[in-house]
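Chemist: Okay, here's the structure, questions in a sec.
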Amino acid sequence: MSWNIVRLGEVAATPWRNGGGVTRELLAWPDAGDWRVRMSVAQVAQDGPFSRFPGVQRWFAVLDGAGVRLRLDATTHALTRDSRPFEFDGGAATDCELIAGPTQDFNLMLRGCAGRMRRLRGAQQLPCRAGTLAAIFDIAAGTLSWRILDADGAVHVEAPDALWMEITP
């Protein structure tokens, strides 16, 4: 299998309009102008609202720092490095409060397709179907590996801490 590799350290940071952080876009598929799948890493420096993305399903995972509290409607969700990735409606009003200083966070956004994201630790064999966009973000290495699978089978993942994503485009 041939994987596309994106190294976080080689991606330029884009400052947010509100000055609260920066984002490094690792993948916008099939293209940046009309993406269906978007993966990025954000450096969150201060409390504030998330940008709204109506019609987008979103996942959020803390990579580094003490974590955040996300408020959606009347519910607060405390998320840390030990939390499972948090799935929510990208169009919902979402406020972010830092627990104890800046964080680094992974974002997966899907528009018009289905998928899931989960955290993995250690070695695992993950069954996948042909046509699936499979992606692994190795947290320690800061590397995204992704590809569209051409046949049913299994992907072997081995990392001390990683995010695994499966998307049906």
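Every chain in the structure tokens takes a letter, A first, then B, and so on in the order presented; its residues are numbered from 1, and the ligands are numbered from 1 following the presented order.
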List as an NGL selection string the protein and nucleic acid residues near region 80-85 of chain A, meaning an atom at most 6 Å away when only C-alpha atoms are counted, but skip any in the same chain fewer than 4 places from it.
Modeler: :A and (60-63 or 67 or 118)
Chemist: Filtering to all heavy atoms, could you give me those residues as a compact mmCIF listing (two decimals), in the first residue's frame?
Modeler:
```txt
# COMPACT_ATOMS: atom_id res chain seq x y z
N PHE A 60 -13.25 16.09 17.68
CA PHE A 60 -12.24 16.92 18.34
C PHE A 60 -11.49 16.03 19.33
O PHE A 60 -12.11 15.31 20.11
CB PHE A 60 -12.95 18.06 19.08
CG PHE A 60 -12.07 18.99 19.84
CD1 PHE A 60 -11.58 20.15 19.26
CD2 PHE A 60 -11.73 18.71 21.16
CE1 PHE A 60 -10.78 21.01 19.98
CE2 PHE A 60 -10.93 19.57 21.88
CZ PHE A 60 -10.44 20.72 21.29
N ALA A 61 -10.15 16.09 19.30
CA ALA A 61 -9.35 15.31 20.24
C ALA A 61 -8.19 16.16 20.74
O ALA A 61 -7.49 16.81 19.95
CB ALA A 61 -8.81 14.05 19.57
N VAL A 62 -7.98 16.17 22.05
CA VAL A 62 -6.86 16.90 22.66
C VAL A 62 -5.58 16.09 22.45
O VAL A 62 -5.52 14.91 22.79
CB VAL A 62 -7.12 17.15 24.16
CG1 VAL A 62 -5.91 17.82 24.81
CG2 VAL A 62 -8.37 18.00 24.35
N LEU A 63 -4.57 16.75 21.90
CA LEU A 63 -3.27 16.11 21.67
C LEU A 63 -2.25 16.46 22.74
O LEU A 63 -1.44 15.64 23.14
CB LEU A 63 -2.70 16.53 20.31
CG LEU A 63 -3.56 16.27 19.09
CD1 LEU A 63 -2.89 16.83 17.85
CD2 LEU A 63 -3.84 14.78 18.94
N GLY A 67 -6.15 20.38 28.49
CA GLY A 67 -7.46 20.09 27.93
C GLY A 67 -8.37 21.29 27.87
O GLY A 67 -7.95 22.42 28.13
N ARG A 118 -11.25 7.38 16.30
CA ARG A 118 -11.01 6.83 17.64
C ARG A 118 -9.52 6.90 17.96
O ARG A 118 -8.68 7.03 17.07
CB ARG A 118 -11.55 5.42 17.76
CG ARG A 118 -10.90 4.42 16.86
CD ARG A 118 -11.56 3.06 17.06
NE ARG A 118 -11.03 2.12 16.11
CZ ARG A 118 -10.98 0.84 16.31
NH1 ARG A 118 -11.45 0.33 17.43
NH2 ARG A 118 -10.48 0.02 15.42
```
Chemist: For region 97-159 of chain A against region 6-20 of chain A, with a cut-off of 9 Å and counting only C-alpha atoms, what is the closest atom pair and its distance in Å to one decimal for every residue that makes the cut, ordered by chain and number, as a tab-separated table?
Modeler:
```
residue	atom	partner	partner_atom	distance
A:Ala141	CA	A:Arg7	CA	8.2
A:Gly142	CA	A:Leu8	CA	5.3
A:Thr143	CA	A:Arg7	CA	4.6
A:Leu144	CA	A:Val6	CA	5.1
A:Ser145	CA	A:Val6	CA	6.5
A:Trp146	CA	A:Val6	CA	8.5
```
Chemist: Restricting it to all heavy atoms, dump the selection as a short mmCIF file (atom, residue, chain, number, x, y, z; two decimals), in the first residue's frame.
Modeler:
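Once written, out-v5.cif looks like this:
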```cif
data_model
loop_
_atom_site.label_atom_id
_atom_site.label_comp_id
_atom_site.auth_asym_id
_atom_site.auth_seq_id
_atom_site.Cartn_x
_atom_site.Cartn_y
_atom_site.Cartn_z
N ALA A 141 4.86 11.55 16.63
CA ALA A 141 5.63 11.91 15.44
C ALA A 141 5.06 13.13 14.73
O ALA A 141 5.73 13.74 13.90
CB ALA A 141 5.66 10.72 14.47
N GLY A 142 3.80 13.50 15.03
CA GLY A 142 3.17 14.62 14.35
C GLY A 142 3.01 14.36 12.87
O GLY A 142 3.23 15.24 12.04
N THR A 143 2.59 13.13 12.53
CA THR A 143 2.51 12.72 11.13
C THR A 143 1.14 12.13 10.80
O THR A 143 0.66 11.25 11.51
CB THR A 143 3.59 11.66 10.81
OG1 THR A 143 4.87 12.20 11.13
CG2 THR A 143 3.58 11.27 9.37
N LEU A 144 0.55 12.63 9.72
CA LEU A 144 -0.69 12.07 9.20
C LEU A 144 -0.35 11.18 8.02
O LEU A 144 0.35 11.60 7.09
CB LEU A 144 -1.65 13.17 8.75
CG LEU A 144 -2.95 12.69 8.10
CD1 LEU A 144 -3.86 12.06 9.14
CD2 LEU A 144 -3.65 13.83 7.37
N SER A 145 -0.84 9.94 8.05
CA SER A 145 -0.73 9.02 6.92
C SER A 145 -2.14 8.71 6.46
O SER A 145 -3.00 8.38 7.28
CB SER A 145 -0.05 7.71 7.35
OG SER A 145 1.21 7.97 7.92
N TRP A 146 -2.40 8.81 5.14
CA TRP A 146 -3.75 8.56 4.66
C TRP A 146 -3.73 7.99 3.25
O TRP A 146 -2.78 8.18 2.52
CB TRP A 146 -4.62 9.82 4.72
CG TRP A 146 -4.25 10.86 3.69
CD1 TRP A 146 -3.29 11.82 3.81
CD2 TRP A 146 -4.84 11.03 2.40
NE1 TRP A 146 -3.25 12.57 2.66
CE2 TRP A 146 -4.19 12.10 1.79
CE3 TRP A 146 -5.85 10.36 1.70
CZ2 TRP A 146 -4.51 12.55 0.49
CZ3 TRP A 146 -6.17 10.81 0.43
CH2 TRP A 146 -5.52 11.89 -0.14
#
```
Chemist: Quick check, in Å to one decimal: how far apart do CA of Thr168 (chain A) and CA of Pro49 (chain A) lie?
Modeler: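 Interatomic distance here is 29.2 Å.
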Chemist: I want to know what sits within 8 Å of region 122-139 of chain A, based on only C-alpha atoms, with residues of the same chain fewer than 5 positions away left out; could you give that as a list in words?
Modeler: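 Those residues are Leu63, Leu144, Ser145, Trp146, Arg147, Ile148, Leu149, Asp150, Ala151, Asp152, Gly153, Ala154, Val155, His156, Val157, Glu158, Ala159, Pro160, Asp161, Ala162, Leu163, Trp164, Met165, Glu166, Ile167, Thr168 and Pro169 of chain A.
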Chemist: List as a ChimeraX atom specification the protein and nucleic acid residues near region 89-100 of chain A, meaning an atom at most 6 Å away when only C-alpha atoms are counted, but skip any in the same chain fewer than 4 places from it.
Modeler: /A:47-50,52-54,56-58,66-72
Chemist: Restricted to C-alpha atoms, what would the selected residues look like written as a compact mmCIF listing (two decimals), in the first residue's frame?
Modeler:
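Output file result_16.txt follows:
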```txt
# COMPACT_ATOMS: atom_id res chain seq x y z
CA ASP A 47 -10.88 30.85 25.39
CA GLY A 48 -13.45 31.61 22.72
CA PRO A 49 -16.13 30.35 20.32
CA PHE A 50 -15.50 27.76 17.61
CA ARG A 52 -19.55 27.25 12.91
CA PHE A 53 -19.69 24.77 10.03
CA PRO A 54 -23.38 24.04 9.27
CA VAL A 56 -20.57 19.33 8.96
CA GLN A 57 -20.02 16.44 11.37
CA ARG A 58 -17.03 17.18 13.56
CA ALA A 66 -4.36 20.14 30.12
CA GLY A 67 -7.46 20.09 27.93
CA VAL A 68 -10.61 22.08 27.28
CA ARG A 69 -14.22 22.44 28.28
CA LEU A 70 -16.54 22.60 25.27
CA ARG A 71 -19.98 24.08 25.84
CA LEU A 72 -22.67 23.07 23.36
```
Chemist: Could you work out how far CA of Gly112 (chain A) lies from CA of Asn4 (chain A), giving the answer in Å with one decimal?
Modeler: 22.5 Å
Chemist: Quick one: pull the distance between CA of Phe86 (chain A) and CA of Ile5 (chain A), Å, one decimal.
Modeler: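 Between CA of Phe86 (chain A) and CA of Ile5 (chain A) the gap works out to 24.5 Å.
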Chemist: Residues of region 17-165 of chain A in strand (DSSP E or B) according to DSSP, as a PyMOL selection string?
Modeler: chain A and resi 21-29+37-44+48-49+56-64+68-72+75-79+86-89+94-98+103-111+114-128+133-138+143-148+153-165
Chemist: Which is closer to Arg111 (chain A) than all the others in A:Arg24, A:Glu87, A:Gln46, A:Trp29, using only C-alpha atoms?
Modeler: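 So, comparing all the options, the nearest one is A:Trp29.
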